Structures are given as structure tokens and as C-alpha cells.
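All remarks here apply to the structure that follows.
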Amino acid sequence: MSLHRAGAVARRIVLQFRRDRRSLALLFVAPMVVLTLVGVLWGSAATNTVRVVAAGDVDPQVLEALRGTEIQLSALDRDAALEELRAGHADAMIEIADNAATVTVEGSDPTRTAAIVGQVEGALIHLILDVPLTAFVKVSYLYGGPDYSLLDYLAPVLIAVFAFFFIFLLSTVSFLRERTSGTLERLLATPLTRGELVAGYMGGFALFALLQALVILAFTVFVLKVQYRGNLATIFIVEAVLVIGAVSLGLAISAFARNELQAVQFVPLVLLPQVFLSGFLVPVDQLSDVLRAISAVLPLTYANEALRSVMVKGYALTDPLILRDIGILAAFALLMAVAAVLSIRREVA
Amino acid sequence: MDVQVAVEARDVRKRFGSVTALDGLTLTVSRGEIYGLLGPNGSGKTTFIRTLAGLLRPDGGDVHIFGALPRAAVSSGAVGYMTQAAALYGELSVDENLRFFAALEGVTDVGAHVEDALRRVDLLDRRRSTVSTLSSGMRTRVSLAATLLHQPRLLLLDEPTVGVDPALRREFWEHFRSLAASGVTILVSSHVMDEASRCDRLGLIRAGRLLAEGTARELVARAGTSDLESAFLALSAAPA
Ligand SMILES: Nc1ncnc2c1ncn2[C@@H]1O[C@H](COP(=O)(O)OP(=O)(O)O)[C@@H](O)[C@H]1O
Ligand SMILES: [Mg+2]
């Protein structure tokens, strides 16, 4: 392995990339735009105001008692109340007859339904027992806190997904271009070895990948003001190992594409399972056995676990869980690098 | 191993699936010689040159360059390979492309060598130009310069003058001549007959086999024709 030659490849990648405004924008601006959108969407700690319409005759006292900080109650006749519910102006309709309350909800979004029913039930219990709910239920937080937003919870995963996605895409396409433009063949007719070529690519891309990781991290922490606990350097180390794996995966995958369109077709194939099965949308321990087995071979699963543990729970770099995750990510990067080297052999002896 | 032999290929066979690209090709190129590999499209010229460049492993037979296996010869910097289509990085300047290839070849004093190579292909004034903005003839010249940087002892030139205008073609050949005079061995493929007469020796290949070998004059005499083109046709028609 000649560092001189691998370094020449890395330098060339950096040179080419610096000229490529579109890729630079994709790498540095796109994640910020998307994160800002996500921040606006999920950034505020959830306001759980539930709009309830009471149908028919409701005791004004009950009405008054149900109206709290989190529930907006208005009384209408039954048809009008139903109409409000259908139009989405109200979250729930409540009818009281024979000392029983019937709650009707719109019901298409299970998560929202559960939240609404919970609130209304809580308020009704409170009404029946005639004690403030807070008198007997106190919530205390092991991690996070009452002002913790969905963004705070998702930020670690988003960082990982972006870093992985953009770097994977770019390294796949640029190595593919090397293969299809004839320059790969030309390179292999010099003293450069396949290992040096892959190492050079990884070096060149790692530079941009790490810069990107820094930018995303700084943006999430300082601009979006995502709350985090652990050490920023630890977060960065996890990201760094992840993106280096993304580069080598990209190099290996490019062997299976004949043109850039085909390369882009690999993106959903690589990305979607990781979005669904890495603990981003559904916690890994809630997956079925088959899905969990798949999730166990996805790098983002380990990156998510590590980043969440550090950012949300404040784990240190030396924590066995974090070290294990970093080790697995490093092994993945190495494995894919070997696959990339072998994939070059497939076409040229 | 004979020190006067630059390339020695014996009974080289290579198949791609059902296509036989090289079918027992045997030929020898001496040091300092310009050897023309002449044959129609699809006759196996590129395949043979890629084998010499260490890019393809033959299915049978063996190949030696200066007595070594092709990959070893390439690794030692003895070989310069100019691909059929210019293989350059379009986003980079001429200078950056050449510096990159020089680094891969382990060239010391890169600046001087790049300048020297550019002067030889008469592109010194375009060294800052981005390659994608160059004409195809200029790109071919850059491609040749990239092959010369490390002063290889064997040049493999795959149809170097395709798409090159007559004036530049003449320049290229003068250049090849002077390189050969300084001891460089050149194996050049072509399917243009008038060009072939400039080679020291010719190998006519068809369907991956050597049909005839010799100087242009010898081949014409053997075929009993008036020019090389008809000689080639006559020799191709004869059972190999
Ligand atoms: N990588 C390859 N895969 C499949 N067939 C190939 C490959 N390279 C060359 N061939 C086939 O081998 C034959 C010789 O091709 P080539 O060496 O490129 O000829 P030439 O350079 O003389 O035009 C052709 O039939 C070509 O289609
Ligand atoms: Mg060819």
C-alpha cells in the first residue's frame, strides 16, 4: 500500500469535488434545508390541546369542569357537533347520558386517537373524583424532560440518516463514473493497486463526509438548538465511522450498476430498509423477529442506537454500548471496503 | 530471456462468454521497434493490448514484457498505456490531470516532467484549460502526454490517431519515431493502412489470430499485390 498513490487519488477526488457546486450544495445545503423543515414541524414541545365538542344537553357544570388548559370545550347540538368532527374542527365529540360519557373520535390516526382519548379520559376522571389530576400523577423523566420535543428525540437519527444518505449517493455515482468513463481501466494500468484506489476514494470522500457531519451537527445544535446531553466529540466520532462505511458501501454498490440511473435506483433499496428498520420510525425491540434480524445487519441501526444513547441519554464514549456500536460500524466499513476492492477485480484481472 | 525482446506473447487465448477475442495469438516485439498491430474492428487488438497492460488475464498461453509478467512490468513503471478513447478527468485542468497520473507513476520532479510532456504534444499553452473544454484532438494529445510522463520503456498505443487530423497525425508519428530512436518500444494498433506503412514491423490480425507478420514491403511482396490494403485483404482471405 503506497500512501503516496492513495493520497494522489484522495487529492484528485477533493479537487473534482470542489469544482462540483451541485454536489457541494447537495452535501452541505440540502441537509440544512431539510433539517430546518423538520425543525419547524417537530421542533416545538408538543402542545396537546384537544378540541372537544359536547353534543346535546350537557350540564353547564360539567362543561365548565371539562374546560381546562388542555381541553377546549364547546357545546353544540348533535348534528352540528358531528359536522365539526367530520370537518376536522374538533378532535372528539362527547355525549353524556345516564351518567355515562360516550366519546367519538375521528379515529384515522391511531397515535392521535390514543392521545385524544387519554386526555379526555383523564379530564373525566378528574371530574368524577373532583381532584386535580396533578395531585396524584406526577411524571418524572429519566431522560429527556417535559420540554423535550420530537425533534430532540429524532435529531440523532436524522443526523445519521443524512450523513449516510448523501455520502452514499455521491460515492456510488462518482465511482460509477470512474468505471464507465474508462478512467478506472486507465488507472489500473498504472502502478496503482485496487486497495490504494479504494483507500484513496475513502480518504477523499471521508474529508467531505466529516465536514458535512460537522456542519449538520453544528446546525442541529446551535441553530435548531436541539437539546443534547453527551459529548459533541463522541457524537462526531460515531458519525465519522458511519460515513466512512457509507463511502465504502457506495464504492461496492457501484459495481452492480451500469449507469447513473441504475445507481440512483440503489438508493431507495439501501436507504428505505434503514429508515424503517433502524429504529428511526419504530423502536427496534418492537420489530418482529424477521425484521429484527434484518435490522441487525444495517449500519444505521447501530449508529442510531449510539447517537441516541449519547445525545438523549448522555452516554460517554467509553460506555461499552457505544464502543460496541462504533466497533460494529468500523467492521462494516472495513467489510465494504474489502467488497469494493473485490468488485474491481470482477471486471479486471 | 532475450534482452532484446520487449514483448513476447505465446499462444494467447481469451474468450468473453461465447466470443473468442484472442485465439492463440503469438508474436514478439523487439526493443526499440515500432510494431503495428493491424486488423479490422473486433479482431482483438484492444483485448491484446489490455492483456499486455495487465488488465486482462489470458485464459491460456503466456505474455511477458521485458521478461516479466504484465502486471509486474506495469507496476515497475515500464509500461505506458494510451487507451482507445481518451481516459481523462473532464472537470480537471490539463495540468491537474497530468500531475495526477504522474503521482500514480511515482514520477519525481513532477513539474518538470509535466511541462516536458506538454511541450512534446504542443499543449503547453493550454495547461490551465479544463479538459472538458478541449477539442477531441487536444484531448488525444493530453492522453498521449499522460502516457509519456514516466518515460516508459514500452508504449501501448490503442488506435492513437483515430479522430486526429492529418497534420497532428504526422506530428504524432514523428514523435513516435523519435521515441523509438531513443530506445522506447512502441506497440501501436490501427486499422488505417497508410499509417501502418510507418511501422518497422506489422502484424496482421483477424479473429484473434496472427495472419501474417513482417515489414510493409514484405507483406505486399508476399501477397503479390500493389499496396498494403490489398495485401491485407488477400492475406485475410487465405486460410490462416
Ligand atoms: N469486455 C468484453 N466483454 C465481452 N466481449 C468483449 C469484451 N471486450 C472485447 N470483446 C469482444 O472481443 C472481440 C475483440 O474485441 P476488441 O479486442 O475490442 O477488438 P478491436 O480492438 O480489434 O476492435 C469483439 O468481438 C468484442 O466484442
Ligand atoms: Mg479496439
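The chains in the C-alpha cells are called A, B, ... from first to last as shown; in each chain the residues are counted from 1, and the ligands are counted from 1 in the order shown.
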Next on the checklist: Could you tell me which residues of chain B sit within 12 Å of chain A when counting only C-alpha atoms, and give me the result as a VMD selection string?
Outcome noted: chain B and resid 16 47 49 to 59 70 to 93 95 to 108 130 143 146 to 147 149 to 150 152 155 to 156
Next on the checklist: Can you tell me which residues surround segment 233-238 of chain A at a distance of at most 7 Å, considering only C-alpha atoms, apart from same-chain residues fewer than 5 positions away, and format the answer as number ranges by chain?
Outcome noted: A: 303, 307, 310, 317, 326
Output of the above residues as an mmCIF file, in the first residue's frame, restricted to C-alpha atoms:
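File written: again.cif
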data_model
loop_
_atom_site.group_PDB
_atom_site.id
_atom_site.type_symbol
_atom_site.label_atom_id
_atom_site.label_comp_id
_atom_site.auth_asym_id
_atom_site.auth_seq_id
_atom_site.Cartn_x
_atom_site.Cartn_y
_atom_site.Cartn_z
ATOM 1 C CA ALA A 303 -25.453 4.462 14.526
ATOM 2 C CA LEU A 307 -26.207 8.531 18.706
ATOM 3 C CA VAL A 310 -25.152 9.754 23.581
ATOM 4 C CA LEU A 317 -17.582 7.306 24.525
ATOM 5 C CA ILE A 326 -18.531 2.029 16.979
#
Checklist outcome for this item: A straight line from atom CA of Ile167 of chain A to atom CA of Ser309 of chain A spans 23.5 Å
Next on the checklist: Could you go through segment 12-110 of chain A and tell me which residues DSSP, when run on the backbone, assigns to helix (DSSP H, G or I), listing them as a PyMOL selection string?
Outcome noted: chain A and resi 12-19+21-28+30-42+60-66+78-87+110
Selected residues written out, C-alpha atoms, as a CSV table (one decimal), in the first residue's frame:
chain,number,residue,atom,x,y,z
A,12,ARG,CA,-7.9,14.3,-7.0
A,13,ILE,CA,-11.3,13.5,-5.5
A,14,VAL,CA,-11.1,16.6,-3.4
A,15,LEU,CA,-10.1,18.7,-6.5
A,16,GLN,CA,-13.0,17.3,-8.6
A,17,PHE,CA,-15.5,17.8,-5.8
A,18,ARG,CA,-14.5,21.4,-5.1
A,19,ARG,CA,-15.5,22.2,-8.7
A,21,ARG,CA,-21.1,23.1,-7.0
A,22,ARG,CA,-24.2,20.9,-7.3
A,23,SER,CA,-22.7,18.1,-5.2
A,24,LEU,CA,-21.4,20.6,-2.7
A,25,ALA,CA,-24.8,22.0,-2.3
A,26,LEU,CA,-26.3,18.6,-2.0
A,27,LEU,CA,-23.9,17.8,0.7
A,28,PHE,CA,-23.9,20.9,2.7
A,30,ALA,CA,-29.7,20.2,1.4
A,31,PRO,CA,-29.4,18.7,4.9
A,32,MET,CA,-29.8,22.1,6.5
A,33,VAL,CA,-32.9,22.9,4.5
A,34,VAL,CA,-34.4,19.5,5.3
A,35,LEU,CA,-33.5,19.8,9.0
A,36,THR,CA,-35.0,23.3,9.2
A,37,LEU,CA,-38.2,21.9,7.8
A,38,VAL,CA,-38.2,19.1,10.2
A,39,GLY,CA,-37.3,21.5,13.0
A,40,VAL,CA,-40.4,23.7,12.2
A,41,LEU,CA,-42.6,20.6,12.0
A,42,TRP,CA,-41.4,18.8,15.1
A,60,PRO,CA,-73.0,23.5,32.4
A,61,GLN,CA,-71.1,22.5,35.5
A,62,VAL,CA,-69.6,19.5,33.7
A,63,LEU,CA,-68.9,21.8,30.8
A,64,GLU,CA,-67.1,24.2,33.0
A,65,ALA,CA,-65.2,21.4,34.7
A,66,LEU,CA,-64.0,19.8,31.5
A,78,ARG,CA,-75.6,16.6,18.0
A,79,ASP,CA,-75.7,17.1,14.2
A,80,ALA,CA,-73.6,20.3,14.3
A,81,ALA,CA,-71.1,18.6,16.6
A,82,LEU,CA,-70.7,15.7,14.3
A,83,GLU,CA,-70.3,18.1,11.4
A,84,GLU,CA,-67.5,19.8,13.3
A,85,LEU,CA,-65.8,16.4,13.9
A,86,ARG,CA,-66.1,15.5,10.3
A,87,ALA,CA,-64.7,18.8,9.1
A,110,PRO,CA,-54.1,5.8,15.8
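Pocket residues of ligand 1, taken as those with any atom at most 6 Å away using only C-alpha atoms and all ligand atoms, are Phe16, Val19, Ala21, Asn41, Gly42, Ser43, Gly44, Lys45, Thr46 and Thr47 of chain B.
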Contact residues around segment 6-15 of chain B with only C-alpha atoms at 6 Å, ignoring same-chain residues under 4 positions, as a PDB file with N, CA, C and O atoms, in the first residue's frame:
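The result, written out as out19.pdb:
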ATOM      1  N   VAL B  19     -17.729 -15.360 -27.221  1.00  0.00           N
ATOM      2  CA  VAL B  19     -16.875 -14.679 -28.201  1.00  0.00           C
ATOM      3  C   VAL B  19     -15.411 -15.006 -27.930  1.00  0.00           C
ATOM      4  O   VAL B  19     -14.917 -14.833 -26.824  1.00  0.00           O
ATOM      5  N   THR B  20     -14.729 -15.487 -28.960  1.00  0.00           N
ATOM      6  CA  THR B  20     -13.297 -15.718 -28.822  1.00  0.00           C
ATOM      7  C   THR B  20     -12.583 -14.473 -29.321  1.00  0.00           C
ATOM      8  O   THR B  20     -12.593 -14.184 -30.515  1.00  0.00           O
ATOM      9  N   ALA B  21     -11.986 -13.717 -28.387  1.00  0.00           N
ATOM     10  CA  ALA B  21     -11.349 -12.463 -28.773  1.00  0.00           C
ATOM     11  C   ALA B  21      -9.903 -12.712 -29.214  1.00  0.00           C
ATOM     12  O   ALA B  21      -9.426 -12.096 -30.164  1.00  0.00           O
ATOM     13  N   LEU B  22      -9.214 -13.591 -28.507  1.00  0.00           N
ATOM     14  CA  LEU B  22      -7.843 -13.939 -28.886  1.00  0.00           C
ATOM     15  C   LEU B  22      -7.791 -15.458 -29.027  1.00  0.00           C
ATOM     16  O   LEU B  22      -8.180 -16.184 -28.124  1.00  0.00           O
ATOM     17  N   ASP B  23      -7.301 -15.909 -30.175  1.00  0.00           N
ATOM     18  CA  ASP B  23      -7.393 -17.333 -30.496  1.00  0.00           C
ATOM     19  C   ASP B  23      -6.007 -17.895 -30.791  1.00  0.00           C
ATOM     20  O   ASP B  23      -5.700 -18.290 -31.904  1.00  0.00           O
ATOM     21  N   GLY B  24      -5.164 -17.861 -29.757  1.00  0.00           N
ATOM     22  CA  GLY B  24      -3.814 -18.391 -29.950  1.00  0.00           C
ATOM     23  C   GLY B  24      -2.888 -17.407 -30.632  1.00  0.00           C
ATOM     24  O   GLY B  24      -2.188 -17.740 -31.584  1.00  0.00           O
ATOM     25  N   LEU B  25      -2.875 -16.186 -30.133  1.00  0.00           N
ATOM     26  CA  LEU B  25      -2.044 -15.138 -30.727  1.00  0.00           C
ATOM     27  C   LEU B  25      -0.600 -15.288 -30.251  1.00  0.00           C
ATOM     28  O   LEU B  25      -0.334 -15.364 -29.054  1.00  0.00           O
ATOM     29  N   THR B  26       0.301 -15.333 -31.200  1.00  0.00           N
ATOM     30  CA  THR B  26       1.724 -15.437 -30.868  1.00  0.00           C
ATOM     31  C   THR B  26       2.473 -14.337 -31.603  1.00  0.00           C
ATOM     32  O   THR B  26       2.345 -14.219 -32.826  1.00  0.00           O
ATOM     33  N   LEU B  27       3.177 -13.503 -30.877  1.00  0.00           N
ATOM     34  CA  LEU B  27       4.020 -12.523 -31.556  1.00  0.00           C
ATOM     35  C   LEU B  27       5.099 -11.997 -30.628  1.00  0.00           C
ATOM     36  O   LEU B  27       5.009 -12.120 -29.409  1.00  0.00           O
ATOM     37  N   THR B  28       6.113 -11.447 -31.225  1.00  0.00           N
ATOM     38  CA  THR B  28       7.258 -10.936 -30.479  1.00  0.00           C
ATOM     39  C   THR B  28       7.573  -9.522 -30.961  1.00  0.00           C
ATOM     40  O   THR B  28       7.545  -9.259 -32.160  1.00  0.00           O
ATOM     41  N   VAL B  29       7.807  -8.621 -30.024  1.00  0.00           N
ATOM     42  CA  VAL B  29       8.192  -7.260 -30.384  1.00  0.00           C
ATOM     43  C   VAL B  29       9.584  -7.012 -29.813  1.00  0.00           C
ATOM     44  O   VAL B  29       9.827  -7.247 -28.628  1.00  0.00           O
ATOM     45  N   SER B  30      10.495  -6.566 -30.659  1.00  0.00           N
ATOM     46  CA  SER B  30      11.858  -6.301 -30.193  1.00  0.00           C
ATOM     47  C   SER B  30      11.964  -4.916 -29.584  1.00  0.00           C
ATOM     48  O   SER B  30      11.154  -4.039 -29.861  1.00  0.00           O
ATOM     49  N   ARG B  31      12.992  -4.755 -28.803  1.00  0.00           N
ATOM     50  CA  ARG B  31      13.222  -3.441 -28.185  1.00  0.00           C
ATOM     51  C   ARG B  31      13.468  -2.370 -29.225  1.00  0.00           C
ATOM     52  O   ARG B  31      14.162  -2.613 -30.216  1.00  0.00           O
ATOM     53  N   PRO B  58      -5.088 -13.746 -19.517  1.00  0.00           N
ATOM     54  CA  PRO B  58      -5.435 -14.639 -20.621  1.00  0.00           C
ATOM     55  C   PRO B  58      -5.960 -15.978 -20.098  1.00  0.00           C
ATOM     56  O   PRO B  58      -5.580 -16.405 -19.008  1.00  0.00           O
ATOM     57  N   ASP B  59      -6.853 -16.590 -20.891  1.00  0.00           N
ATOM     58  CA  ASP B  59      -7.352 -17.911 -20.497  1.00  0.00           C
ATOM     59  C   ASP B  59      -6.283 -18.972 -20.734  1.00  0.00           C
ATOM     60  O   ASP B  59      -6.257 -20.001 -20.077  1.00  0.00           O
ATOM     61  N   GLY B  60      -5.426 -18.707 -21.702  1.00  0.00           N
ATOM     62  CA  GLY B  60      -4.363 -19.664 -21.987  1.00  0.00           C
ATOM     63  C   GLY B  60      -3.179 -18.942 -22.606  1.00  0.00           C
ATOM     64  O   GLY B  60      -3.290 -17.802 -23.027  1.00  0.00           O
ATOM     65  N   GLY B  61      -2.046 -19.634 -22.655  1.00  0.00           N
ATOM     66  CA  GLY B  61      -0.851 -19.026 -23.221  1.00  0.00           C
ATOM     67  C   GLY B  61      -0.180 -18.110 -22.224  1.00  0.00           C
ATOM     68  O   GLY B  61      -0.636 -17.980 -21.090  1.00  0.00           O
ATOM     69  N   ASP B  62       0.930 -17.494 -22.624  1.00  0.00           N
ATOM     70  CA  ASP B  62       1.534 -16.553 -21.682  1.00  0.00           C
ATOM     71  C   ASP B  62       2.116 -15.325 -22.365  1.00  0.00           C
ATOM     72  O   ASP B  62       2.372 -15.310 -23.571  1.00  0.00           O
ATOM     73  N   VAL B  63       2.248 -14.298 -21.547  1.00  0.00           N
ATOM     74  CA  VAL B  63       2.668 -12.988 -22.026  1.00  0.00           C
ATOM     75  C   VAL B  63       3.790 -12.499 -21.126  1.00  0.00           C
ATOM     76  O   VAL B  63       3.665 -12.571 -19.907  1.00  0.00           O
ATOM     77  N   HIS B  64       4.862 -12.031 -21.738  1.00  0.00           N
ATOM     78  CA  HIS B  64       5.942 -11.429 -20.943  1.00  0.00           C
ATOM     79  C   HIS B  64       6.322 -10.080 -21.518  1.00  0.00           C
ATOM     80  O   HIS B  64       6.357  -9.906 -22.736  1.00  0.00           O
ATOM     81  N   ILE B  65       6.606  -9.139 -20.609  1.00  0.00           N
ATOM     82  CA  ILE B  65       7.075  -7.828 -21.029  1.00  0.00           C
ATOM     83  C   ILE B  65       8.431  -7.616 -20.370  1.00  0.00           C
ATOM     84  O   ILE B  65       8.518  -7.646 -19.139  1.00  0.00           O
ATOM     85  N   PHE B  66       9.449  -7.441 -21.179  1.00  0.00           N
ATOM     86  CA  PHE B  66      10.828  -7.374 -20.666  1.00  0.00           C
ATOM     87  C   PHE B  66      11.082  -8.532 -19.704  1.00  0.00           C
ATOM     88  O   PHE B  66      11.681  -8.360 -18.638  1.00  0.00           O
TER      89      PHE B  66
END
